[in-house]
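Raw final-v7.txt, compact mmCIF, C-alpha atoms:
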# COMPACT_ATOMS: atom_id res chain seq x y z
CA MET A 201 158.33 152.30 91.87
CA LEU A 202 160.77 149.54 92.34
CA LEU A 203 162.50 150.43 95.53
CA THR A 204 159.89 149.97 98.12
CA THR A 205 161.72 150.69 101.31
CA ASN A 206 161.15 148.33 104.15
CA GLU A 207 159.81 150.00 107.22
CA ILE A 208 162.83 150.85 109.29
CA ARG A 209 162.63 152.18 112.80
CA ILE A 210 165.51 153.77 114.61
CA LYS A 211 164.94 154.41 118.28
CA GLY A 212 161.23 154.30 117.70
CA GLU A 213 161.28 156.81 114.90
CA LYS A 214 160.17 155.59 111.57
CA LEU A 215 162.59 156.08 108.75
CA ASN A 216 160.43 156.71 105.75
CA GLU A 217 163.17 156.68 103.23
CA LEU A 218 166.49 155.10 102.98
CA PRO A 219 169.17 157.72 103.59
CA GLN A 220 169.80 159.91 100.59
CA ASP A 221 173.53 159.48 100.60
CA LEU A 222 175.87 156.96 101.97
CA TYR A 223 175.95 158.47 105.40
CA ILE A 224 174.19 156.22 107.84
CA PRO A 225 173.92 157.05 111.51
CA PRO A 226 176.26 154.52 113.15
CA ASP A 227 173.59 153.16 115.48
CA ALA A 228 171.31 152.64 112.52
CA LEU A 229 173.70 150.68 110.42
CA GLU A 230 172.86 147.33 111.89
CA VAL A 231 169.13 147.82 111.44
CA TYR A 232 169.83 149.21 108.02
CA LEU A 233 171.93 146.29 106.96
CA GLU A 234 169.28 143.88 108.13
CA SER A 235 166.88 145.45 105.70
CA PHE A 236 168.98 144.08 102.89
CA GLU A 237 168.63 140.48 101.93
CA GLY A 238 172.28 140.17 100.98
CA PRO A 239 174.82 141.67 98.61
CA LEU A 240 172.62 141.41 95.51
CA ASP A 241 169.89 143.30 97.29
CA LEU A 242 172.34 145.98 98.38
CA LEU A 243 173.73 146.31 94.86
CA LEU A 244 170.27 146.61 93.39
CA TYR A 245 169.50 149.31 95.89
CA LEU A 246 172.61 151.28 94.93
CA ILE A 247 171.86 150.89 91.24
CA ARG A 248 168.26 152.00 91.57
CA LYS A 249 169.03 154.81 93.98
CA HIS A 250 171.59 156.37 91.72
CA ASN A 251 169.63 155.63 88.58
CA LEU A 252 172.43 153.58 87.19
CA ASP A 253 171.77 151.70 83.98
CA ILE A 254 171.68 148.04 84.98
CA LEU A 255 172.57 147.01 81.42
CA ASP A 256 175.59 149.29 81.40
CA ILE A 257 176.75 149.45 84.96
CA PRO A 258 179.56 151.91 85.66
CA MET A 259 181.63 149.39 87.54
CA ALA A 260 184.09 151.81 89.10
CA ASN A 261 181.29 153.89 90.53
CA LEU A 262 179.26 150.96 91.81
CA THR A 263 182.26 149.15 93.26
CA ARG A 264 183.35 152.28 95.10
CA GLN A 265 179.93 152.76 96.64
CA TYR A 266 179.59 149.13 97.56
CA MET A 267 183.02 149.11 99.17
CA GLU A 268 182.21 152.21 101.15
CA TYR A 269 179.26 150.37 102.61
CA VAL A 270 181.28 147.35 103.42
CA GLU A 271 184.01 149.48 105.00
CA LYS A 272 181.45 151.24 107.15
CA MET A 273 180.14 147.92 108.30
CA ARG A 274 183.61 146.75 109.17
CA ALA A 275 184.39 150.00 110.97
CA ILE A 276 181.78 149.33 113.58
CA LYS A 277 182.92 145.72 113.82
CA LEU A 278 179.67 144.42 112.55
CA GLU A 279 179.72 140.72 111.91
CA LEU A 280 180.14 140.95 108.20
CA ALA A 281 178.56 138.12 106.34
CA ALA A 282 180.92 136.28 104.05
CA ASP A 283 178.46 136.80 101.23
CA TYR A 284 179.13 140.54 101.29
CA LEU A 285 182.90 140.04 101.18
CA LEU A 286 182.60 137.55 98.37
CA MET A 287 180.66 140.10 96.37
CA SER A 288 183.37 142.72 97.02
CA ALA A 289 185.90 140.39 95.50
CA MET A 290 183.67 139.73 92.52
CA LEU A 291 183.10 143.44 91.87
CA ILE A 292 186.80 144.21 92.04
CA GLU A 293 187.54 141.39 89.66
CA ILE A 294 184.98 142.65 87.15
CA LYS A 295 186.28 146.17 87.49
CA SER A 296 189.85 145.13 86.79
CA ARG A 297 188.86 143.03 83.82
CA MET A 298 187.09 146.08 82.43
CA LEU A 299 190.38 147.91 82.51
CA LEU A 300 192.09 145.36 80.32
CA PRO A 301 192.50 146.31 76.67
CA LYS A 302 189.30 145.37 74.87
CA PRO A 303 189.19 143.17 71.83
CA ALA A 304 188.28 144.96 68.63
CA GLU A 305 184.68 143.90 68.83
CA LEU A 306 183.09 143.46 72.20
CA THR A 307 180.30 140.95 72.14
CA GLU A 308 177.85 140.70 74.96
CA GLU A 309 179.35 137.47 76.19
CA ASP A 310 182.74 139.12 76.47
CA ASP A 311 181.42 141.74 78.80
CA PRO A 312 182.81 140.89 82.24
CA ARG A 313 179.63 142.34 83.73
CA ALA A 314 177.29 139.97 81.93
CA GLU A 315 177.10 137.38 84.71
CA LEU A 316 176.57 140.00 87.38
CA VAL A 317 173.83 141.68 85.37
CA ARG A 318 172.12 138.36 84.77
CA ARG A 319 172.17 137.59 88.49
CA LEU A 320 170.97 141.06 89.44
CA MET A 321 168.08 140.88 87.03
CA GLU A 322 167.11 137.40 88.09
CA TYR A 323 167.25 138.39 91.73
CA GLU A 324 165.21 141.48 91.08
CA ALA A 325 162.52 139.45 89.31
CA ILE A 326 162.35 137.01 92.23
CA LYS A 327 162.27 139.85 94.71
CA LEU A 328 159.31 141.43 92.94
CA ALA A 329 157.60 138.08 92.48
CA ALA A 330 157.99 137.49 96.22
CA GLN A 331 156.35 140.81 96.95
CA ARG A 332 153.49 139.89 94.66
CA LEU A 333 153.05 136.47 96.27
CA ASP A 334 153.00 138.16 99.64
CA GLU A 335 150.23 140.49 98.53
CA MET A 336 148.07 137.79 96.97
CA PRO A 337 144.95 136.85 98.93
CA LYS A 338 145.33 133.55 100.69
CA VAL A 339 142.99 131.17 102.45
CA ASP A 340 141.93 132.76 105.75
CA GLU A 341 143.68 135.93 104.66
CA GLY A 342 141.41 137.39 102.03
CA VAL A 343 139.97 134.08 100.85
CA TYR A 344 137.20 132.62 102.98
CA VAL A 345 136.20 129.06 102.28
CA ALA A 346 132.74 127.69 103.01
CA SER A 347 132.66 125.04 105.69
CA ALA A 348 129.06 124.54 106.73
CA TYR A 349 128.49 122.21 109.64
CA TYR A 350 126.79 118.91 109.18
CA HIS A 351 126.11 116.25 111.74
CA HIS A 352 128.30 113.43 110.68
CA ILE A 353 126.70 110.00 110.76
CA SER A 354 128.92 107.05 110.20
CA GLN A 355 128.28 105.58 106.79
CA ALA A 356 129.35 102.09 107.88
CA LYS A 357 126.76 99.59 106.66
CA PRO A 358 125.21 97.49 109.43
CA PRO A 359 126.31 93.88 108.93
CA GLU A 360 123.71 91.32 107.90
CA VAL A 361 122.75 88.60 110.38
CA THR A 362 121.27 85.21 109.47
CA LEU A 363 119.44 82.80 111.70
CA ASP A 364 122.45 80.46 111.56
CA ASP A 365 124.72 83.27 112.81
CA LEU A 366 122.38 83.79 115.70
CA ALA A 367 122.26 80.07 116.56
CA GLU A 368 126.03 79.86 116.36
CA ALA A 369 126.37 82.86 118.65
CA TRP A 370 124.02 81.30 121.20
CA ARG A 371 126.04 78.06 121.19
CA ASN A 372 129.16 80.06 121.84
CA VAL A 373 127.50 81.80 124.76
CA LEU A 374 126.57 78.46 126.28
CA LYS A 375 130.05 77.08 125.73
CA ARG A 376 131.63 80.06 127.38
CA ALA A 377 129.09 80.00 130.22
CA SER A 378 130.06 76.43 131.04
CA HIS A 379 133.68 77.54 131.42
CA PHE A 380 132.60 80.34 133.68
CA LYS A 381 130.49 78.09 135.87
CA HIS A 382 133.44 75.88 136.60
CA TYR A 383 135.56 78.87 137.40
CA LYS A 384 133.03 80.49 139.69
CA ILE A 385 132.35 77.49 141.93
CA GLY A 386 135.90 77.28 143.09
CA ARG A 387 136.72 80.90 143.62
CA ALA A 388 134.33 83.68 143.25
CA GLU A 389 130.77 82.71 143.82
CA LEU A 390 131.25 80.15 146.55
CA SER A 391 134.11 81.01 148.75
CA VAL A 392 134.87 78.60 151.58
CA ARG A 393 136.11 81.53 153.66
CA GLU A 394 132.86 83.34 153.11
CA HIS A 395 130.89 80.32 154.30
CA MET A 396 133.12 79.97 157.32
CA SER A 397 132.08 83.48 158.31
CA ILE A 398 128.44 82.76 157.67
CA ILE A 399 128.56 79.67 159.87
CA LEU A 400 130.42 81.45 162.66
CA ARG A 401 127.91 84.29 162.58
CA ARG A 402 125.02 81.77 162.75
CA LEU A 403 126.56 79.92 165.66
CA LYS A 404 127.28 83.13 167.51
CA GLN A 405 123.58 83.87 167.33
CA ASP A 406 122.12 80.41 167.88
CA ARG A 407 124.92 78.99 170.05
CA LEU A 408 124.10 75.35 169.36
CA VAL A 409 122.95 74.23 165.95
CA GLU A 410 122.20 70.78 164.78
CA PHE A 411 124.56 69.79 161.96
CA THR A 412 121.87 69.28 159.34
CA GLN A 413 120.39 72.71 160.12
CA LEU A 414 123.54 74.31 158.71
CA PHE A 415 122.56 73.09 155.27
CA ASP A 416 119.70 74.52 153.29
CA VAL A 417 119.19 71.45 151.13
CA LYS A 418 116.04 72.75 149.55
CA ASN A 419 117.47 75.97 148.18
CA ASP A 420 121.21 75.45 147.84
CA GLY A 421 122.63 73.47 144.99
CA ILE A 422 125.12 70.73 145.51
CA PRO A 423 128.15 72.98 144.96
CA LYS A 424 127.03 75.26 147.72
CA LEU A 425 126.34 72.40 150.10
CA VAL A 426 129.79 71.04 149.44
CA VAL A 427 131.38 74.42 150.09
CA CYS A 428 129.37 74.70 153.28
CA PHE A 429 130.61 71.31 154.42
CA LEU A 430 134.19 72.26 153.55
CA ALA A 431 133.74 75.43 155.56
CA ILE A 432 132.67 73.42 158.60
CA LEU A 433 135.62 71.06 158.25
CA GLU A 434 137.97 74.00 157.89
CA LEU A 435 136.54 75.73 160.97
CA CYS A 436 136.88 72.51 162.87
CA ARG A 437 140.44 72.04 161.78
CA GLU A 438 141.28 75.57 162.94
CA GLY A 439 139.74 74.67 166.29
CA LEU A 440 136.98 77.20 166.05
CA LEU A 441 134.15 74.68 166.20
CA ARG A 442 133.21 71.90 168.55
CA ILE A 443 131.24 69.11 167.00
CA THR A 444 129.53 66.68 169.36
CA GLN A 445 127.42 63.55 169.10
CA GLN A 446 125.96 61.71 172.10
CA ALA A 447 125.66 58.35 170.43
CA ALA A 448 125.96 56.75 167.04
CA PHE A 449 123.27 57.95 164.62
CA SER A 450 122.05 60.52 167.10
CA PRO A 451 121.97 64.19 165.96
CA ILE A 452 125.33 65.91 165.59
CA TYR A 453 125.60 69.35 167.19
CA VAL A 454 127.85 72.15 166.21
CA GLN A 455 128.85 75.01 168.47
CA ILE A 456 131.60 77.57 168.78
CA ASN A 457 134.58 76.22 170.58
CA SER A 458 134.76 78.60 173.50
CA GLU A 459 137.96 78.82 175.44
CA ASP A 460 136.47 77.95 178.82
CA MET B 35 119.54 101.16 92.64
CA ASN B 36 118.59 104.62 91.63
CA GLU B 37 118.74 106.87 94.66
CA THR B 38 119.07 110.13 92.81
CA SER B 39 116.38 110.40 90.24
CA SER B 40 116.73 113.91 88.92
CA VAL B 41 119.50 116.20 87.82
CA HIS B 42 118.18 118.59 90.40
CA GLU B 43 118.78 116.03 93.15
CA LEU B 44 122.31 115.31 91.92
CA LYS B 45 123.11 118.97 91.99
CA ASN B 46 121.75 119.33 95.51
CA VAL B 47 123.95 116.51 96.74
CA LEU B 48 126.99 118.11 95.14
CA GLU B 49 126.10 121.43 96.69
CA ALA B 50 125.69 119.96 100.17
CA ALA B 51 129.00 118.12 99.87
CA LEU B 52 130.87 121.17 98.60
CA LEU B 53 129.46 123.42 101.30
CA THR B 54 130.40 121.08 104.12
CA ALA B 55 133.75 119.80 102.87
CA HIS B 56 136.80 121.12 104.66
CA GLU B 57 139.10 120.57 101.73
CA PRO B 58 138.46 121.15 98.04
CA LEU B 59 136.58 118.23 96.48
CA SER B 60 138.04 116.56 93.42
CA LEU B 61 135.89 114.94 90.74
CA ASP B 62 136.91 111.57 92.19
CA ASP B 63 135.63 112.66 95.59
CA MET B 64 132.37 113.73 94.04
CA GLN B 65 131.94 110.43 92.19
CA ARG B 66 132.15 108.66 95.55
CA LEU B 67 129.03 110.53 96.66
CA PHE B 68 126.85 108.42 94.43
CA VAL B 69 126.24 104.71 94.19
CA ASP B 70 125.62 104.98 90.48
CA LYS B 71 128.54 105.92 88.34
CA ILE B 72 128.34 109.53 87.27
CA GLU B 73 130.52 110.51 84.36
CA ARG B 74 133.11 113.18 85.00
CA ALA B 75 131.70 115.16 82.09
CA THR B 76 128.28 115.07 83.78
CA LEU B 77 129.84 116.26 87.02
CA ARG B 78 131.54 119.14 85.24
CA MET B 79 128.28 120.11 83.65
CA LEU B 80 126.49 119.99 87.01
CA LEU B 81 129.25 122.05 88.60
CA ASP B 82 128.86 124.63 85.86
CA GLU B 83 125.15 124.80 86.55
CA LEU B 84 125.82 125.07 90.26
CA LYS B 85 128.16 127.95 89.59
CA GLN B 86 125.39 129.67 87.67
CA ASP B 87 122.86 128.99 90.42
CA TRP B 88 125.06 130.79 92.92
CA ALA B 89 125.93 133.68 90.66
CA GLU B 90 123.68 136.08 92.54
CA ARG B 91 124.54 134.76 95.98
CA THR B 92 127.34 135.48 98.44
CA MET B 93 129.42 132.40 97.78
CA GLU B 94 131.08 131.36 94.58
CA LEU B 95 132.14 127.95 93.35
CA VAL B 96 135.79 128.05 92.34
CA GLN B 97 138.27 125.50 91.11
CA VAL B 98 141.69 125.33 92.75
CA ALA B 99 144.55 122.88 92.37
CA SER B 100 143.06 119.97 94.30
CA GLY B 101 139.43 120.47 93.38
CA TYR B 102 136.35 122.60 93.76
CA ARG B 103 135.25 124.64 96.76
CA PHE B 104 132.76 127.29 97.71
CA GLN B 105 134.26 130.50 99.01
CA ALA B 106 132.96 133.93 99.87
CA LYS B 107 133.02 136.40 97.02
CA PRO B 108 135.96 138.79 97.28
CA GLU B 109 133.76 141.77 98.11
CA TYR B 110 133.04 140.26 101.53
CA ALA B 111 136.66 139.60 102.43
CA ASN B 112 137.13 142.88 104.25
CA PHE B 113 134.13 142.21 106.47
CA LEU B 114 135.02 138.60 107.15
CA ALA B 115 138.57 139.54 108.05
CA ARG B 116 137.23 141.43 111.06
CA LEU B 117 135.91 138.23 112.62
CA ASN B 118 139.46 137.13 113.33
CA PRO B 119 141.36 140.35 113.87
CA GLU B 120 144.43 138.41 114.95
CA ARG B 121 146.27 138.64 111.70
CA GLN B 122 148.59 135.87 110.74
CA GLY B 123 152.19 136.93 111.19
CA LYS B 124 153.86 138.08 108.05
CA TYR B 125 156.59 136.01 106.53
CA SER B 126 160.02 137.59 106.28
CA ARG B 127 161.41 138.66 102.94
CA ALA B 128 163.81 135.71 103.09
CA VAL B 129 160.85 133.31 103.36
CA MET B 130 158.89 134.94 100.57
CA GLU B 131 161.87 135.17 98.23
CA THR B 132 162.70 131.53 98.86
CA LEU B 133 159.08 130.61 98.19
CA ALA B 134 159.10 132.66 94.98
CA ILE B 135 162.25 130.91 93.76
CA ILE B 136 160.76 127.48 94.46
CA ALA B 137 157.45 128.46 92.85
CA TYR B 138 158.99 129.88 89.68
CA ARG B 139 162.11 127.78 89.28
CA GLN B 140 161.05 124.39 90.66
CA PRO B 141 162.35 121.87 91.18
CA VAL B 142 165.32 123.57 92.84
CA THR B 143 167.98 122.66 95.37
CA ARG B 144 169.16 124.79 98.26
CA GLY B 145 172.20 125.57 96.13
CA ASP B 146 169.99 126.99 93.39
CA ILE B 147 168.21 129.17 95.93
CA GLU B 148 171.51 130.41 97.34
CA GLU B 149 172.78 131.14 93.86
CA ILE B 150 169.79 133.33 93.04
CA ARG B 151 169.52 135.13 96.38
CA GLY B 152 173.27 135.51 96.86
CA VAL B 153 173.07 134.45 100.50
CA ALA B 154 173.04 131.18 102.40
CA VAL B 155 169.68 129.51 102.93
CA ASN B 156 168.58 129.60 106.53
CA PRO B 157 167.28 126.12 107.44
CA ASN B 158 164.56 127.81 109.45
CA VAL B 159 163.17 129.33 106.26
CA MET B 160 162.79 125.92 104.62
CA ARG B 161 161.24 124.52 107.77
CA GLN B 162 158.62 127.28 107.91
CA LEU B 163 157.60 126.60 104.32
CA GLN B 164 157.50 122.85 104.84
CA GLU B 165 155.46 123.17 108.02
CA ARG B 166 152.95 125.26 106.12
CA ASP B 167 152.82 122.40 103.62
CA TRP B 168 153.65 124.82 100.83
CA ILE B 169 156.81 123.05 99.67
CA ASP B 170 158.13 119.53 99.80
CA VAL B 171 160.97 117.39 98.55
CA VAL B 172 160.20 115.80 95.20
CA GLY B 173 163.50 114.04 94.58
CA GLN B 174 167.25 114.36 94.52
CA ARG B 175 169.46 115.88 91.89
CA GLU B 176 171.86 113.28 90.60
CA VAL B 177 175.03 115.18 91.44
CA PRO B 178 177.51 114.59 94.26
CA GLY B 179 175.74 114.88 97.59
CA ARG B 180 172.39 114.18 95.92
CA PRO B 181 170.82 117.43 97.14
CA SER B 182 167.06 117.48 97.67
CA LEU B 183 164.91 119.04 95.00
CA TYR B 184 162.12 121.22 96.33
CA ALA B 185 158.80 122.02 94.67
CA THR B 186 155.59 123.72 95.70
CA THR B 187 152.61 121.58 96.76
CA LYS B 188 148.98 121.49 95.67
CA HIS B 189 148.20 122.91 99.07
CA PHE B 190 150.25 125.99 98.20
CA LEU B 191 148.15 126.52 95.08
CA ASP B 192 144.93 125.91 97.03
CA ASP B 193 145.95 128.44 99.66
CA LEU B 194 146.78 131.03 97.04
CA ASN B 195 143.53 130.37 95.26
CA LEU B 196 145.22 129.06 92.13
CA LYS B 197 144.35 126.21 89.82
CA SER B 198 147.88 125.58 88.60
CA LEU B 199 151.34 127.10 88.56
CA SER B 200 150.52 128.71 85.25
CA ASP B 201 148.06 130.93 87.13
CA LEU B 202 150.95 132.58 88.97
CA PRO B 203 151.70 136.08 87.74
CA PRO B 204 154.23 135.45 84.93
CA ILE B 205 157.81 136.06 86.01
CA GLU B 206 158.36 137.99 82.78
CA ASP B 207 156.19 140.70 84.28
CA PHE B 208 158.96 141.31 86.73
CA THR B 209 162.07 140.88 84.66
CA GLN B 210 161.84 143.91 82.42
CA GLN B 211 159.84 146.07 84.73
CA GLY B 212 161.57 149.35 85.42
CA MET B 213 164.52 148.39 83.27
CA PRO B 214 165.93 151.29 81.33
CA THR B 215 165.37 150.60 77.66
As structure tokens, please, write out the structure in this file.
Amino acid sequence: MLLTTNEIRIKGEKLNELPQDLYIPPDALEVYLESFEGPLDLLLYLIRKHNLDILDIPMANLTRQYMEYVEKMRAIKLELAADYLLMSAMLIEIKSRMLLPKPAELTEEDDPRAELVRRLMEYEAIKLAAQRLDEMPKVDEGVYVASAYYHHISQAKPPEVTLDDLAEAWRNVLKRASHFKHYKIGRAELSVREHMSIILRRLKQDRLVEFTQLFDVKNDGIPKLVVCFLAILELCREGLLRITQQAAFSPIYVQINSED
Amino acid sequence: MNETSSVHELKNVLEAALLTAHEPLSLDDMQRLFVDKIERATLRMLLDELKQDWAERTMELVQVASGYRFQAKPEYANFLARLNPERQGKYSRAVMETLAIIAYRQPVTRGDIEEIRGVAVNPNVMRQLQERDWIDVVGQREVPGRPSLYATTKHFLDDLNLKSLSDLPPIEDFTQQGMPT
């Protein structure tokens, strides 16, 4: 059966069949019209419903029915698609050309309906093909594709390393380390401020410390000793330390410069 | 280097690859599985054997547009469908008719589609089909405005379980059907 009716619901009630005649309940018209995919679809419906011969369409009959539809649509001020109006014009034109006196021998090409019939048949084929495509099983909808899990391991080949590469890498490490060393002395590792705090804390505890006692010559490297010395000078400059010496070459003492 | 000594081994590798692949595998893909060059004819022969091996099992090896894949035999579809009861939304008639026109009449322009359907093409319809990767633009028609020419993709054929467009039900089946003779 060609005319598979789309499922149409009007106020919740399913309409199993398209109406038998042209009467359509006014509130259903909009829904009804939406079930058609355009003028060709509507024409096909009329042709099939009334068992008209598509190869010998009674134009007067079909045009009248089509126009009745269109008029009904207009009557309820439905936004009427231009496509429907265009088709009206085409039908009327064909109908009037049919009324003209015919040449003695009417070939198929002369038939004013030929183009319409061709379009109707093509549309009908596409409409049926579309239904078939819709019904065909599709992936995840009737077709289920295997996709077993496997633990993916990267197939990237590990690069080869020679002894020379290794030596070169080590040299680079050393080179970079020397840059870092320079950097760290000044700022991070040995901060003058930090040593100022250390010295102040020491003096707070021991009150009076001999200058040389502030330096751990055995354990600290030269950079650290220098920073320590700078810290003492800085503390002195800020007036936080008092440095005293009784006589030349006698021990130098460092203490916190108390206010009293 | 000879990592795969026997035909049996080769076949096992192919089987493992086909079962785990998320997309159909082409012969080129399958050649990349092996260090040694395997002739395409050999691969085809192995695939045939593999198909035979699975004949009594639940999965079947099928060929679609972009290659080979294992899929459940149709008799299990009804059961498997229940795993994901959330059915994919149905496409509107406008979408399916547009798809049918592109499938059967490609390459076509929007104008061609409008001519056949008798109504304007809703841009949304084209977008839905393009997002599904079922159609794409394959060129422009050399007429004023240079309209885009649309065609169906390999992915469309894969999804519909088809090897090529010629596997589509012939349009002639629909043209004379129900026509008064």
Please provide as a PDB file with C-alpha atoms, in the frame of the given file all residues within 8 Å of B:Met93, with the sequence filter that same-chain residues fewer than 6 positions apart are discarded (counting only C-alpha atoms).
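Result file follows (around.pdb):
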ATOM      1  CA  ALA A 346     132.740 127.690 103.010  1.00  0.00           C
TER       2      ALA A 346
ATOM      3  CA  PHE B 104     132.760 127.290  97.710  1.00  0.00           C
ATOM      4  CA  GLN B 105     134.260 130.500  99.010  1.00  0.00           C
ATOM      5  CA  ALA B 106     132.960 133.930  99.870  1.00  0.00           C
ATOM      6  CA  LYS B 107     133.020 136.400  97.020  1.00  0.00           C
TER       7      LYS B 107
END
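Remark: residues at most 6 Å from position (159.2, 137.3, 87.9) in file coordinates are Ala325, Ile326 and Ala329 of chain A; Ile205, Glu206, Asp207, Phe208 and Thr209 of chain B, using all atoms listed in the file.
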Practice item. Could you jot down the atom CA of B:Leu191 to atom CA of B:Ala99 separation for me, Å, one decimal place? Key: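 It comes out at 5.8 Å.
Taking only C-alpha atoms, the non-local environment of B:Val129 within 8 Å (same-chain residues fewer than 6 positions away omitted) comprises Val159, Met160, Gln162 and Leu163 of chain B.
Residues in contact with A:His395 at up to 8 Å, not including ones fewer than 4 positions away on its chain and judged by only C-alpha atoms, are A:Leu390, A:Ser391, A:Ile399, A:Val427, A:Cys428, A:Ala431.
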- Query: What separation in Å, quoted to one decimal, exists between atom CA of A:Lys272 and atom CA of A:Tyr323?
  - Reply: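 Going from atom CA of A:Lys272 over to atom CA of A:Tyr323, I get 24.6 Å.
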> Please, which residues of chain A lie no more than 7 Å from chain B when the count uses only C-alpha atoms, and can they be set out as a PyMOL selection string?
Replying inline: chain A and resi 202+237-240+253+283+319+321-323+325-330+334+336-339+342-350
Between atom CA of B:Ser198 and atom CA of B:Leu81 lies a distance of 19.0 Å
### Message
Using all atoms listed in the file for the distances, tell me which of A:Ala281, A:Leu286, A:Val317, A:Ala260 is nearest to A:Leu299.
### Response
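When distances to A:Leu299 are compared using all atoms listed in the file, the smallest one comes from A:Ala260.
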Of the listed residues A:Val231, A:Ile257, A:Ala448, A:Leu300, that which approaches A:Leu320 most closely, counting all atoms listed in the file: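 For A:Leu320, the nearest of the given residues is A:Ile257.
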- Item | Shell of 8 Å around A:Met259, all atoms listed in the file, local chain residues under 2 positions omitted, as a VMD selection string | chain A and resid 257 261 to 263 291 294 to 295
*asked:* Counting only C-alpha atoms, which residue out of A:Ala289, A:Ala282, A:Leu433, A:Val392 sits closest to A:Met267?
replied: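 Checking each of A:Ala289, A:Ala282, A:Leu433, A:Val392 against A:Met267, counting only C-alpha atoms, the winner is A:Ala289.
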Hey, could you patch up stretch 418-433 of chain A with N, CA and C atoms and hand it over as a PDB file, in the frame of the given file?
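And here is the file that came out, rebuild_30.pdb:
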ATOM      1  N   LYS A 418     117.093  72.411 150.490  1.00  0.00           N
ATOM      2  CA  LYS A 418     116.040  72.750 149.550  1.00  0.00           C
ATOM      3  C   LYS A 418     116.478  73.814 148.543  1.00  0.00           C
ATOM      4  N   ASN A 419     117.145  74.829 149.042  1.00  0.00           N
ATOM      5  CA  ASN A 419     117.470  75.970 148.180  1.00  0.00           C
ATOM      6  C   ASN A 419     118.891  75.937 147.601  1.00  0.00           C
ATOM      7  N   ASP A 420     119.837  75.422 148.349  1.00  0.00           N
ATOM      8  CA  ASP A 420     121.210  75.450 147.840  1.00  0.00           C
ATOM      9  C   ASP A 420     121.492  74.282 146.937  1.00  0.00           C
ATOM     10  N   GLY A 421     122.226  74.528 145.896  1.00  0.00           N
ATOM     11  CA  GLY A 421     122.630  73.470 144.990  1.00  0.00           C
ATOM     12  C   GLY A 421     123.751  72.667 145.644  1.00  0.00           C
ATOM     13  N   ILE A 422     124.075  71.597 144.969  1.00  0.00           N
ATOM     14  CA  ILE A 422     125.120  70.730 145.510  1.00  0.00           C
ATOM     15  C   ILE A 422     126.438  71.463 145.722  1.00  0.00           C
ATOM     16  N   PRO A 423     126.866  72.285 144.750  1.00  0.00           N
ATOM     17  CA  PRO A 423     128.150  72.980 144.960  1.00  0.00           C
ATOM     18  C   PRO A 423     128.163  73.765 146.260  1.00  0.00           C
ATOM     19  N   LYS A 424     127.054  74.419 146.541  1.00  0.00           N
ATOM     20  CA  LYS A 424     127.030  75.260 147.720  1.00  0.00           C
ATOM     21  C   LYS A 424     127.054  74.405 148.999  1.00  0.00           C
ATOM     22  N   LEU A 425     126.354  73.298 148.951  1.00  0.00           N
ATOM     23  CA  LEU A 425     126.340  72.400 150.100  1.00  0.00           C
ATOM     24  C   LEU A 425     127.751  71.885 150.383  1.00  0.00           C
ATOM     25  N   VAL A 426     128.429  71.564 149.282  1.00  0.00           N
ATOM     26  CA  VAL A 426     129.790  71.040 149.440  1.00  0.00           C
ATOM     27  C   VAL A 426     130.686  72.103 150.076  1.00  0.00           C
ATOM     28  N   VAL A 427     130.541  73.334 149.564  1.00  0.00           N
ATOM     29  CA  VAL A 427     131.380  74.420 150.090  1.00  0.00           C
ATOM     30  C   VAL A 427     131.068  74.632 151.567  1.00  0.00           C
ATOM     31  N   CYS A 428     129.790  74.516 151.897  1.00  0.00           N
ATOM     32  CA  CYS A 428     129.370  74.700 153.280  1.00  0.00           C
ATOM     33  C   CYS A 428     130.020  73.633 154.175  1.00  0.00           C
ATOM     34  N   PHE A 429     130.013  72.417 153.685  1.00  0.00           N
ATOM     35  CA  PHE A 429     130.610  71.310 154.420  1.00  0.00           C
ATOM     36  C   PHE A 429     132.111  71.530 154.603  1.00  0.00           C
ATOM     37  N   LEU A 430     132.759  71.987 153.481  1.00  0.00           N
ATOM     38  CA  LEU A 430     134.190  72.260 153.550  1.00  0.00           C
ATOM     39  C   LEU A 430     134.482  73.352 154.578  1.00  0.00           C
ATOM     40  N   ALA A 431     133.556  74.320 154.629  1.00  0.00           N
ATOM     41  CA  ALA A 431     133.740  75.430 155.560  1.00  0.00           C
ATOM     42  C   ALA A 431     133.696  74.912 157.005  1.00  0.00           C
ATOM     43  N   ILE A 432     132.781  73.986 157.247  1.00  0.00           N
ATOM     44  CA  ILE A 432     132.670  73.420 158.600  1.00  0.00           C
ATOM     45  C   ILE A 432     133.939  72.647 158.966  1.00  0.00           C
ATOM     46  N   LEU A 433     134.402  71.835 158.007  1.00  0.00           N
ATOM     47  CA  LEU A 433     135.620  71.060 158.250  1.00  0.00           C
ATOM     48  C   LEU A 433     136.794  71.989 158.523  1.00  0.00           C
TER      49      LEU A 433
END
